[in-house]
file input-v4.txt (compact mmCIF, C-alpha atoms)
# COMPACT_ATOMS: atom_id res chain seq x y z
CA MET B 251 -49.59 -55.61 -25.71
CA ILE B 252 -47.51 -54.54 -28.72
CA GLY B 253 -49.88 -51.65 -29.35
CA ARG B 254 -49.40 -50.42 -25.78
CA TRP B 255 -45.62 -50.45 -26.13
CA LEU B 256 -45.82 -48.66 -29.46
CA PHE B 257 -48.02 -46.00 -27.87
CA ARG B 258 -45.55 -45.55 -25.00
CA ALA B 259 -42.65 -45.37 -27.44
CA TRP B 260 -44.47 -42.74 -29.49
CA CYS B 261 -45.16 -40.71 -26.32
CA ALA B 262 -41.47 -40.92 -25.40
CA VAL B 263 -40.47 -39.67 -28.86
CA VAL B 264 -42.89 -36.74 -28.63
CA LEU B 265 -41.66 -35.82 -25.14
CA ALA B 266 -38.06 -36.00 -26.30
CA PHE B 267 -38.89 -33.78 -29.28
CA LEU B 268 -40.39 -31.19 -26.92
CA LEU B 269 -37.86 -31.37 -24.08
CA VAL B 270 -34.48 -31.89 -25.78
CA PRO B 271 -34.33 -28.32 -27.24
CA ILE B 272 -35.12 -26.95 -23.78
CA ALA B 273 -32.52 -29.16 -22.12
CA ALA B 274 -29.91 -28.06 -24.66
CA ILE B 275 -30.19 -24.48 -23.38
CA VAL B 276 -29.19 -25.29 -19.81
CA PRO B 277 -25.52 -26.32 -20.41
CA LEU B 278 -24.98 -23.23 -22.57
CA SER B 279 -25.82 -21.02 -19.59
CA PHE B 280 -22.72 -22.39 -17.81
CA SER B 281 -20.39 -21.69 -20.73
CA ALA B 282 -17.15 -19.86 -20.06
CA GLY B 283 -17.15 -18.47 -23.59
CA SER B 284 -18.87 -15.40 -24.98
CA PHE B 285 -20.74 -17.19 -27.76
CA LEU B 286 -23.25 -20.00 -28.02
CA SER B 287 -21.31 -23.02 -29.16
CA TYR B 288 -20.85 -26.73 -28.54
CA PRO B 289 -18.61 -28.18 -27.24
CA LEU B 290 -18.34 -25.74 -24.36
CA PRO B 291 -14.97 -23.99 -24.04
CA GLY B 292 -15.27 -24.32 -20.25
CA TRP B 293 -17.63 -24.09 -17.31
CA SER B 294 -18.39 -20.83 -15.54
CA LEU B 295 -21.08 -19.00 -13.54
CA ARG B 296 -20.16 -15.64 -15.05
CA TRP B 297 -23.46 -15.28 -16.92
CA TYR B 298 -25.54 -15.99 -13.83
CA ALA B 299 -23.45 -13.40 -11.99
CA GLU B 300 -24.17 -10.92 -14.77
CA VAL B 301 -27.90 -11.63 -14.73
CA LEU B 302 -28.33 -11.73 -10.94
CA GLY B 303 -25.87 -8.95 -10.21
CA GLY B 304 -28.34 -6.17 -10.95
CA GLY B 305 -28.59 -3.93 -13.99
CA LYS B 306 -31.05 -4.33 -16.83
CA TRP B 307 -31.91 -7.98 -16.18
CA MET B 308 -33.01 -7.53 -12.57
CA ALA B 309 -34.87 -4.33 -13.45
CA ALA B 310 -36.71 -6.20 -16.19
CA LEU B 311 -37.46 -9.08 -13.81
CA GLY B 312 -38.87 -6.64 -11.27
CA ASN B 313 -41.11 -5.11 -13.93
CA SER B 314 -42.34 -8.54 -15.04
CA LEU B 315 -43.14 -9.61 -11.48
CA PHE B 316 -44.85 -6.33 -10.61
CA ILE B 317 -46.99 -6.29 -13.75
CA GLY B 318 -47.68 -10.03 -13.59
CA VAL B 319 -48.85 -9.97 -9.97
CA LEU B 320 -51.15 -6.98 -10.50
CA ALA B 321 -52.59 -8.46 -13.68
CA THR B 322 -53.13 -11.81 -11.95
CA VAL B 323 -54.98 -10.23 -9.01
CA LEU B 324 -57.24 -8.24 -11.34
CA ALA B 325 -57.80 -11.25 -13.59
CA LEU B 326 -58.72 -13.42 -10.59
CA ALA B 327 -61.29 -10.89 -9.38
CA LEU B 328 -62.82 -10.20 -12.80
CA GLY B 329 -62.64 -13.79 -14.02
CA THR B 330 -64.26 -15.18 -10.87
CA LEU B 331 -67.08 -12.65 -11.02
CA ALA B 332 -67.62 -13.44 -14.70
CA ALA B 333 -67.67 -17.19 -14.02
CA LEU B 334 -70.17 -16.73 -11.18
CA GLY B 335 -72.44 -14.76 -13.49
CA LEU B 336 -72.19 -17.24 -16.36
CA ALA B 337 -72.38 -20.49 -14.39
CA ARG B 338 -75.44 -22.62 -15.13
CA GLN B 339 -76.86 -19.98 -17.48
CA ARG B 340 -78.10 -20.96 -20.91
CA GLY B 341 -79.11 -19.19 -24.07
CA PRO B 342 -77.55 -17.47 -27.08
CA VAL B 343 -76.65 -14.33 -25.12
CA VAL B 344 -74.74 -16.36 -22.53
CA ALA B 345 -72.97 -18.29 -25.29
CA ALA B 346 -71.97 -15.00 -26.93
CA LEU B 347 -70.68 -13.67 -23.60
CA LYS B 348 -68.61 -16.82 -23.04
CA LEU B 349 -67.11 -16.47 -26.51
CA LEU B 350 -66.35 -12.82 -25.80
CA MET B 351 -64.63 -13.77 -22.55
CA LEU B 352 -62.49 -16.35 -24.33
CA SER B 353 -61.66 -14.18 -27.36
CA PRO B 354 -58.33 -12.86 -25.97
CA MET B 355 -57.20 -16.48 -25.76
CA ILE B 356 -58.34 -17.23 -29.32
CA VAL B 357 -57.41 -14.06 -31.19
CA PRO B 358 -53.71 -13.74 -32.16
CA THR B 359 -51.82 -11.69 -29.60
CA ILE B 360 -50.61 -9.22 -32.21
CA LEU B 361 -54.21 -8.23 -32.94
CA VAL B 362 -54.89 -7.72 -29.24
CA ALA B 363 -51.72 -5.63 -28.96
CA VAL B 364 -52.57 -3.42 -31.95
CA GLY B 365 -56.15 -2.92 -30.78
CA ALA B 366 -54.97 -2.11 -27.26
CA TYR B 367 -52.46 0.39 -28.62
CA PHE B 368 -55.09 2.33 -30.56
CA PHE B 369 -57.41 2.22 -27.54
CA LEU B 370 -54.81 3.35 -25.00
CA ALA B 371 -52.98 5.93 -27.11
CA PRO B 372 -55.76 8.60 -26.98
CA LEU B 373 -55.95 8.04 -23.21
CA ALA B 374 -52.19 8.63 -22.82
CA LEU B 375 -51.81 5.18 -21.23
CA THR B 376 -49.17 3.81 -23.58
CA ALA B 377 -45.66 3.64 -22.13
CA SER B 378 -47.19 3.32 -18.66
CA TYR B 379 -47.56 0.61 -16.05
CA THR B 380 -51.31 1.20 -15.94
CA GLY B 381 -51.79 0.51 -19.62
CA LEU B 382 -49.58 -2.57 -19.59
CA VAL B 383 -51.34 -4.01 -16.52
CA LEU B 384 -54.76 -3.43 -18.09
CA VAL B 385 -53.85 -5.20 -21.34
CA HIS B 386 -52.19 -8.08 -19.50
CA THR B 387 -55.35 -8.39 -17.41
CA VAL B 388 -57.39 -8.71 -20.59
CA ILE B 389 -55.29 -11.60 -21.90
CA ALA B 390 -55.17 -13.24 -18.44
CA VAL B 391 -58.91 -13.22 -17.67
CA PRO B 392 -59.79 -16.19 -19.96
CA PHE B 393 -57.24 -18.37 -18.14
CA VAL B 394 -59.23 -17.74 -14.95
CA VAL B 395 -62.71 -17.99 -16.45
CA VAL B 396 -62.18 -21.43 -17.99
CA PRO B 397 -61.18 -23.44 -14.86
CA VAL B 398 -63.42 -21.49 -12.45
CA LEU B 399 -66.46 -21.79 -14.73
CA THR B 400 -65.85 -25.51 -15.08
CA ALA B 401 -65.54 -25.93 -11.31
CA LEU B 402 -68.75 -23.98 -10.71
CA GLU B 403 -70.67 -26.04 -13.26
CA LEU B 404 -69.48 -29.25 -11.57
CA LEU B 405 -70.40 -27.97 -8.09
CA ASP B 406 -73.57 -29.52 -6.66
CA PRO B 407 -76.21 -26.73 -6.55
CA ASN B 408 -77.92 -28.50 -3.65
CA LEU B 409 -75.07 -27.34 -1.39
CA ALA B 410 -76.07 -23.70 -1.83
CA ARG B 411 -79.74 -24.56 -1.35
CA ALA B 412 -78.93 -26.46 1.86
CA ALA B 413 -76.90 -23.51 3.15
CA ALA B 414 -79.78 -21.12 2.40
CA ALA B 415 -82.22 -23.46 4.14
CA CYS B 416 -79.98 -23.32 7.21
CA GLY B 417 -80.14 -19.52 7.20
CA ALA B 418 -76.82 -18.71 5.51
CA THR B 419 -76.65 -15.49 3.54
CA PRO B 420 -75.41 -15.55 -0.09
CA ALA B 421 -72.13 -14.00 1.06
CA ALA B 422 -71.64 -16.64 3.76
CA THR B 423 -72.50 -19.39 1.27
CA PHE B 424 -69.88 -18.09 -1.14
CA TRP B 425 -67.10 -17.76 1.45
CA ARG B 426 -67.75 -21.03 3.29
CA ILE B 427 -68.97 -23.37 0.53
CA THR B 428 -68.36 -22.06 -2.99
CA LEU B 429 -64.91 -20.55 -2.49
CA PRO B 430 -63.32 -23.62 -0.82
CA ALA B 431 -64.81 -25.82 -3.54
CA ILE B 432 -63.35 -23.76 -6.41
CA ALA B 433 -60.03 -23.01 -4.66
CA PRO B 434 -58.03 -25.48 -6.83
CA ALA B 435 -59.53 -23.92 -9.96
CA LEU B 436 -58.60 -20.47 -8.67
CA ALA B 437 -55.03 -21.63 -8.04
CA SER B 438 -54.81 -23.10 -11.53
CA GLY B 439 -56.28 -19.96 -13.08
CA ALA B 440 -53.90 -17.73 -11.14
CA LEU B 441 -50.91 -19.76 -12.30
CA PHE B 442 -51.84 -19.63 -15.98
CA ALA B 443 -52.88 -15.96 -15.74
CA PHE B 444 -49.50 -15.07 -14.26
CA ALA B 445 -47.72 -17.15 -16.91
CA ALA B 446 -49.67 -15.40 -19.69
CA SER B 447 -48.58 -12.02 -18.36
CA PHE B 448 -45.02 -13.01 -17.49
CA ASP B 449 -44.28 -14.63 -20.87
CA ASP B 450 -45.77 -11.88 -23.05
CA VAL B 451 -43.46 -10.06 -25.41
CA VAL B 452 -45.71 -8.85 -28.26
CA ILE B 453 -47.87 -6.56 -26.11
CA ALA B 454 -44.82 -5.29 -24.24
CA LEU B 455 -43.16 -4.31 -27.53
CA LEU B 456 -46.14 -2.13 -28.54
CA ILE B 457 -47.43 -0.83 -25.20
CA ALA B 458 -44.46 -0.63 -22.84
CA GLY B 459 -42.05 2.27 -22.72
CA PRO B 460 -38.39 2.43 -21.65
CA GLU B 461 -39.35 2.25 -17.96
CA GLN B 462 -41.61 -0.79 -18.41
CA ARG B 463 -39.18 -3.14 -20.13
CA THR B 464 -40.19 -6.64 -19.08
CA LEU B 465 -37.95 -9.70 -18.99
CA PRO B 466 -39.26 -11.25 -22.26
CA ARG B 467 -38.85 -7.89 -24.01
CA GLU B 468 -35.30 -7.60 -22.71
CA MET B 469 -34.60 -11.10 -24.00
CA PHE B 470 -36.07 -10.18 -27.39
CA SER B 471 -33.81 -7.13 -27.54
CA GLY B 472 -30.84 -9.33 -26.67
CA LEU B 473 -31.67 -11.73 -29.50
CA ARG B 474 -31.84 -8.82 -31.91
CA ASP B 475 -28.76 -6.91 -30.76
CA SER B 476 -26.21 -9.38 -29.36
CA ILE B 477 -26.70 -13.05 -28.54
CA THR B 478 -24.69 -14.07 -25.47
CA PRO B 479 -24.97 -16.96 -22.98
CA ALA B 480 -26.62 -14.47 -20.61
CA LEU B 481 -29.83 -15.15 -22.55
CA THR B 482 -29.54 -18.85 -21.85
CA ALA B 483 -28.94 -18.11 -18.17
CA VAL B 484 -32.16 -16.07 -18.07
CA ALA B 485 -34.00 -18.83 -19.94
CA THR B 486 -32.72 -21.44 -17.47
CA LEU B 487 -33.89 -19.34 -14.52
CA MET B 488 -37.30 -18.96 -16.16
CA ILE B 489 -37.52 -22.73 -16.65
CA VAL B 490 -36.73 -23.29 -12.97
CA PHE B 491 -39.23 -20.61 -11.93
CA SER B 492 -41.99 -22.02 -14.15
CA THR B 493 -41.35 -25.55 -12.87
CA ALA B 494 -41.53 -24.33 -9.27
CA LEU B 495 -44.85 -22.59 -9.98
CA PHE B 496 -46.26 -25.74 -11.56
CA LEU B 497 -45.15 -27.92 -8.65
CA GLY B 498 -46.61 -25.41 -6.22
CA MET B 499 -49.94 -25.50 -8.03
CA GLN B 500 -49.93 -29.29 -7.94
CA ALA B 501 -49.26 -29.23 -4.19
CA VAL B 502 -52.13 -26.79 -3.60
CA GLN B 503 -54.54 -28.89 -5.64
CA ARG B 504 -53.42 -32.11 -3.91
CA ARG B 505 -53.91 -30.53 -0.48
CA ALA B 506 -57.37 -29.29 -1.47
CA ARG B 507 -58.38 -32.73 -2.70
CA GLN B 508 -57.14 -34.32 0.55
CA ARG B 509 -59.07 -31.76 2.58
CA ARG B 510 -62.28 -32.50 0.69
CA ALA B 511 -61.73 -36.27 1.01
CA GLY B 512 -61.07 -35.94 4.72
call {"tool": "encode", "arguments": {"input": "input-v4.txt", "output": "structure tokens"}}
result
Amino acid sequence: MIGRWLFRAWCAVVLAFLLVPIAAIVPLSFSAGSFLSYPLPGWSLRWYAEVLGGGKWMAALGNSLFIGVLATVLALALGTLAALGLARQRGPVVAALKLLMLSPMIVPTILVAVGAYFFLAPLALTASYTGLVLVHTVIAVPFVVVPVLTALELLDPNLARAAAACGATPAATFWRITLPAIAPALASGALFAFAASFDDVVIALLIAGPEQRTLPREMFSGLRDSITPALTAVATLMIVFSTALFLGMQAVQRRARQRRAG
């Protein structure tokens, strides 16, 4: 009994350690002053008006959403195809391919960014949306492969055999049996793929040009040039957005589980 309470207390301390710095940002976004300081000189929505009123912040947000959505769609397509090809396969070649697929998740992002720069520069794809989307797709694919591959390996292979015995084509089996079964994994992979693209700053610093400034890159520039509560307002909006995405993913997965149980 004492051990259980100690474990819960330790979990509470760890959660507080992780969440308190994030929670401290939120009040600063409502500061009436021009500097980050406690206690607050007053309460104001001026920084949210500055961020949401257009200009560089909304342009950067538009770039992040545009690049993130395209990278997520490409990562979903490529990651699902890769998972279908690797599922239930064994051998050293398959193990090497799985490691290759996961390498963008393992290798430090700065190495991926430098390698992508030297690859894209001769093709004149640096400082372009195409180049940035391609590199973001590379780092997003592993976040799709991992959950989809796991879902496929847990899927009963007898379902596909039963569908084939009933005369279903491989395409019909995929759309009517496999795809609904892995839908929660696809939703989870899409969420993490979008987050990987949306939160990236290292690749954007090396690959993006003046027209492709993403929201994290704009925040990095603000930290380097002039720190104002507008940064905390952007951070608060990103926290709300990320929380909404997570809750949406949980709702999709819960609905899928209820559909399968019913």
call {"tool": "closest_residue", "arguments": {"input": "input-v4.txt", "among": "B:Ala454, B:Ala485, B:Ala415, B:Leu334", "to": "B:Thr428", "atoms": "only C-alpha atoms"}}
result
B:Leu334
call {"tool": "residues_around", "arguments": {"input": "input-v4.txt", "residues": "B:Arg463", "least_positions_apart": "2", "cutoff": "6 Å", "atoms": "all atoms listed in the file", "output": "PyMOL selection string"}}
result
chain B and resi 310+460-461
call {"tool": "residues_around", "arguments": {"input": "input-v4.txt", "residues": "stretch 336-349 of chain B", "least_positions_apart": "6", "cutoff": "8 Å", "atoms": "all atoms listed in the file", "output": "ChimeraX atom specification"}}
result
/B:399,402-403
call {"tool": "closest_residue", "arguments": {"input": "input-v4.txt", "among": "B:Ala282, B:Val323, B:Ile457, B:Ala413", "to": "B:Thr380", "atoms": "all atoms listed in the file"}}
result
B:Ile457
call {"tool": "atom_distance", "arguments": {"input": "input-v4.txt", "atom1": "atom CA of B:Ile427", "atom2": "atom CA of B:Leu328"}}
result
19.7 Å
call {"tool": "residues_near_point", "arguments": {"input": "input-v4.txt", "point": "(-42.8, -2.5, -18.4)", "cutoff": "10 Å", "atoms": "all atoms listed in the file", "output": "list of chain:residue names"}}
result
B:Ala309, B:Ala310, B:Leu311, B:Gly312, B:Asn313, B:Ser314, B:Leu315, B:Phe316, B:Ile317, B:Ala377, B:Ser378, B:Tyr379, B:Thr380, B:Gly381, B:Leu382, B:Val383, B:Ala454, B:Leu455, B:Ile457, B:Ala458, B:Gly459, B:Pro460, B:Glu461, B:Gln462, B:Arg463, B:Thr464, B:Leu465, B:Arg467
call {"tool": "atom_distance", "arguments": {"input": "input-v4.txt", "atom1": "atom CA of B:Thr486", "atom2": "atom CA of B:Ile275"}}
result
7.1 Å
call {"tool": "atom_distance", "arguments": {"input": "input-v4.txt", "atom1": "atom CA of B:Ser438", "atom2": "atom CA of B:Met499"}}
result
6.5 Å
call {"tool": "closest_residue", "arguments": {"input": "input-v4.txt", "among": "B:Ala445, B:Ala422, B:Val452, B:Ile272", "to": "B:Leu495", "atoms": "all atoms listed in the file"}}
result
B:Ala445
call {"tool": "residues_around", "arguments": {"input": "input-v4.txt", "residues": "B:Phe444", "least_positions_apart": "4", "cutoff": "8 Å", "atoms": "only C-alpha atoms", "output": "PyMOL selection string"}}
result
chain B and resi 318-319+321-322+390+440+448
call {"tool": "decode", "arguments": {"input": "input-v4.txt", "residues": "stretch 395-408 of chain B", "atoms": "all heavy atoms", "output": "PDB file, in the first residue's frame"}}
result
ATOM      1  N   VAL B 395       4.985   4.317 -40.302  1.00  0.00           N
ATOM      2  CA  VAL B 395       5.364   2.911 -40.444  1.00  0.00           C
ATOM      3  C   VAL B 395       5.211   2.164 -39.123  1.00  0.00           C
ATOM      4  O   VAL B 395       4.691   1.035 -39.095  1.00  0.00           O
ATOM      5  CB  VAL B 395       6.806   2.796 -40.970  1.00  0.00           C
ATOM      6  CG1 VAL B 395       7.283   1.340 -40.931  1.00  0.00           C
ATOM      7  CG2 VAL B 395       6.897   3.325 -42.389  1.00  0.00           C
ATOM      8  N   VAL B 396       5.634   2.761 -38.033  1.00  0.00           N
ATOM      9  CA  VAL B 396       5.642   2.052 -36.744  1.00  0.00           C
ATOM     10  C   VAL B 396       4.239   1.616 -36.317  1.00  0.00           C
ATOM     11  O   VAL B 396       4.006   0.425 -36.080  1.00  0.00           O
ATOM     12  CB  VAL B 396       6.316   2.921 -35.660  1.00  0.00           C
ATOM     13  CG1 VAL B 396       6.125   2.296 -34.289  1.00  0.00           C
ATOM     14  CG2 VAL B 396       7.801   3.070 -35.962  1.00  0.00           C
ATOM     15  N   PRO B 397       3.241   2.520 -36.208  1.00  0.00           N
ATOM     16  CA  PRO B 397       1.914   2.046 -35.765  1.00  0.00           C
ATOM     17  C   PRO B 397       1.215   1.175 -36.798  1.00  0.00           C
ATOM     18  O   PRO B 397       0.525   0.206 -36.435  1.00  0.00           O
ATOM     19  CB  PRO B 397       1.143   3.340 -35.514  1.00  0.00           C
ATOM     20  CG  PRO B 397       1.817   4.360 -36.339  1.00  0.00           C
ATOM     21  CD  PRO B 397       3.253   3.986 -36.388  1.00  0.00           C
ATOM     22  N   VAL B 398       1.362   1.495 -38.093  1.00  0.00           N
ATOM     23  CA  VAL B 398       0.669   0.706 -39.118  1.00  0.00           C
ATOM     24  C   VAL B 398       1.267  -0.692 -39.207  1.00  0.00           C
ATOM     25  O   VAL B 398       0.535  -1.685 -39.323  1.00  0.00           O
ATOM     26  CB  VAL B 398       0.730   1.423 -40.481  1.00  0.00           C
ATOM     27  CG1 VAL B 398       0.131   0.539 -41.577  1.00  0.00           C
ATOM     28  CG2 VAL B 398      -0.019   2.744 -40.414  1.00  0.00           C
ATOM     29  N   LEU B 399       2.588  -0.798 -39.127  1.00  0.00           N
ATOM     30  CA  LEU B 399       3.229  -2.113 -39.169  1.00  0.00           C
ATOM     31  C   LEU B 399       2.818  -2.950 -37.967  1.00  0.00           C
ATOM     32  O   LEU B 399       2.560  -4.153 -38.089  1.00  0.00           O
ATOM     33  CB  LEU B 399       4.746  -1.943 -39.219  1.00  0.00           C
ATOM     34  CG  LEU B 399       5.585  -3.217 -39.377  1.00  0.00           C
ATOM     35  CD1 LEU B 399       5.204  -3.962 -40.639  1.00  0.00           C
ATOM     36  CD2 LEU B 399       7.066  -2.869 -39.393  1.00  0.00           C
ATOM     37  N   THR B 400       2.736  -2.334 -36.810  1.00  0.00           N
ATOM     38  CA  THR B 400       2.290  -3.053 -35.616  1.00  0.00           C
ATOM     39  C   THR B 400       0.850  -3.544 -35.771  1.00  0.00           C
ATOM     40  O   THR B 400       0.523  -4.684 -35.421  1.00  0.00           O
ATOM     41  CB  THR B 400       2.404  -2.143 -34.386  1.00  0.00           C
ATOM     42  OG1 THR B 400       3.763  -1.710 -34.241  1.00  0.00           O
ATOM     43  CG2 THR B 400       1.983  -2.879 -33.125  1.00  0.00           C
ATOM     44  N   ALA B 401      -0.016  -2.679 -36.297  1.00  0.00           N
ATOM     45  CA  ALA B 401      -1.417  -3.074 -36.487  1.00  0.00           C
ATOM     46  C   ALA B 401      -1.539  -4.209 -37.496  1.00  0.00           C
ATOM     47  O   ALA B 401      -2.360  -5.127 -37.319  1.00  0.00           O
ATOM     48  CB  ALA B 401      -2.229  -1.862 -36.948  1.00  0.00           C
ATOM     49  N   LEU B 402      -0.745  -4.171 -38.555  1.00  0.00           N
ATOM     50  CA  LEU B 402      -0.805  -5.235 -39.555  1.00  0.00           C
ATOM     51  C   LEU B 402      -0.296  -6.560 -38.997  1.00  0.00           C
ATOM     52  O   LEU B 402      -0.838  -7.629 -39.322  1.00  0.00           O
ATOM     53  CB  LEU B 402       0.015  -4.833 -40.785  1.00  0.00           C
ATOM     54  CG  LEU B 402      -0.583  -3.736 -41.663  1.00  0.00           C
ATOM     55  CD1 LEU B 402       0.413  -3.294 -42.717  1.00  0.00           C
ATOM     56  CD2 LEU B 402      -1.863  -4.218 -42.333  1.00  0.00           C
ATOM     57  N   GLU B 403       0.739  -6.505 -38.160  1.00  0.00           N
ATOM     58  CA  GLU B 403       1.269  -7.737 -37.583  1.00  0.00           C
ATOM     59  C   GLU B 403       0.317  -8.344 -36.562  1.00  0.00           C
ATOM     60  O   GLU B 403       0.327  -9.560 -36.346  1.00  0.00           O
ATOM     61  CB  GLU B 403       2.629  -7.463 -36.945  1.00  0.00           C
ATOM     62  CG  GLU B 403       3.724  -7.171 -37.975  1.00  0.00           C
ATOM     63  CD  GLU B 403       5.054  -6.827 -37.333  1.00  0.00           C
ATOM     64  OE1 GLU B 403       5.048  -6.535 -36.111  1.00  0.00           O
ATOM     65  OE2 GLU B 403       6.079  -6.823 -38.035  1.00  0.00           O
ATOM     66  N   LEU B 404      -0.528  -7.507 -35.941  1.00  0.00           N
ATOM     67  CA  LEU B 404      -1.517  -8.010 -34.989  1.00  0.00           C
ATOM     68  C   LEU B 404      -2.809  -8.456 -35.674  1.00  0.00           C
ATOM     69  O   LEU B 404      -3.642  -9.123 -35.050  1.00  0.00           O
ATOM     70  CB  LEU B 404      -1.841  -6.941 -33.943  1.00  0.00           C
ATOM     71  CG  LEU B 404      -0.692  -6.552 -32.998  1.00  0.00           C
ATOM     72  CD1 LEU B 404      -1.128  -5.414 -32.085  1.00  0.00           C
ATOM     73  CD2 LEU B 404      -0.225  -7.745 -32.181  1.00  0.00           C
ATOM     74  N   LEU B 405      -2.984  -8.097 -36.940  1.00  0.00           N
ATOM     75  CA  LEU B 405      -4.204  -8.453 -37.659  1.00  0.00           C
ATOM     76  C   LEU B 405      -4.211  -9.946 -37.980  1.00  0.00           C
ATOM     77  O   LEU B 405      -3.214 -10.506 -38.441  1.00  0.00           O
ATOM     78  CB  LEU B 405      -4.293  -7.634 -38.949  1.00  0.00           C
ATOM     79  CG  LEU B 405      -5.563  -7.802 -39.787  1.00  0.00           C
ATOM     80  CD1 LEU B 405      -6.770  -7.305 -39.006  1.00  0.00           C
ATOM     81  CD2 LEU B 405      -5.424  -7.025 -41.094  1.00  0.00           C
ATOM     82  N   ASP B 406      -5.329 -10.589 -37.746  1.00  0.00           N
ATOM     83  CA  ASP B 406      -5.467 -12.025 -38.000  1.00  0.00           C
ATOM     84  C   ASP B 406      -5.368 -12.297 -39.503  1.00  0.00           C
ATOM     85  O   ASP B 406      -6.211 -11.815 -40.277  1.00  0.00           O
ATOM     86  CB  ASP B 406      -6.807 -12.516 -37.462  1.00  0.00           C
ATOM     87  CG  ASP B 406      -6.928 -14.038 -37.507  1.00  0.00           C
ATOM     88  OD1 ASP B 406      -6.004 -14.702 -38.017  1.00  0.00           O
ATOM     89  OD2 ASP B 406      -7.957 -14.556 -37.030  1.00  0.00           O
ATOM     90  N   PRO B 407      -4.367 -13.053 -39.963  1.00  0.00           N
ATOM     91  CA  PRO B 407      -4.247 -13.321 -41.402  1.00  0.00           C
ATOM     92  C   PRO B 407      -5.377 -14.166 -41.949  1.00  0.00           C
ATOM     93  O   PRO B 407      -5.604 -14.207 -43.159  1.00  0.00           O
ATOM     94  CB  PRO B 407      -2.891 -14.047 -41.508  1.00  0.00           C
ATOM     95  CG  PRO B 407      -2.666 -14.637 -40.159  1.00  0.00           C
ATOM     96  CD  PRO B 407      -3.294 -13.688 -39.192  1.00  0.00           C
ATOM     97  N   ASN B 408      -6.088 -14.870 -41.077  1.00  0.00           N
ATOM     98  CA  ASN B 408      -7.205 -15.698 -41.545  1.00  0.00           C
ATOM     99  C   ASN B 408      -8.332 -14.850 -42.123  1.00  0.00           C
ATOM    100  O   ASN B 408      -9.140 -15.355 -42.916  1.00  0.00           O
ATOM    101  CB  ASN B 408      -7.742 -16.553 -40.400  1.00  0.00           C
ATOM    102  CG  ASN B 408      -6.734 -17.613 -39.969  1.00  0.00           C
ATOM    103  OD1 ASN B 408      -6.029 -18.195 -40.809  1.00  0.00           O
ATOM    104  ND2 ASN B 408      -6.653 -17.866 -38.669  1.00  0.00           N
TER     105      ASN B 408
END
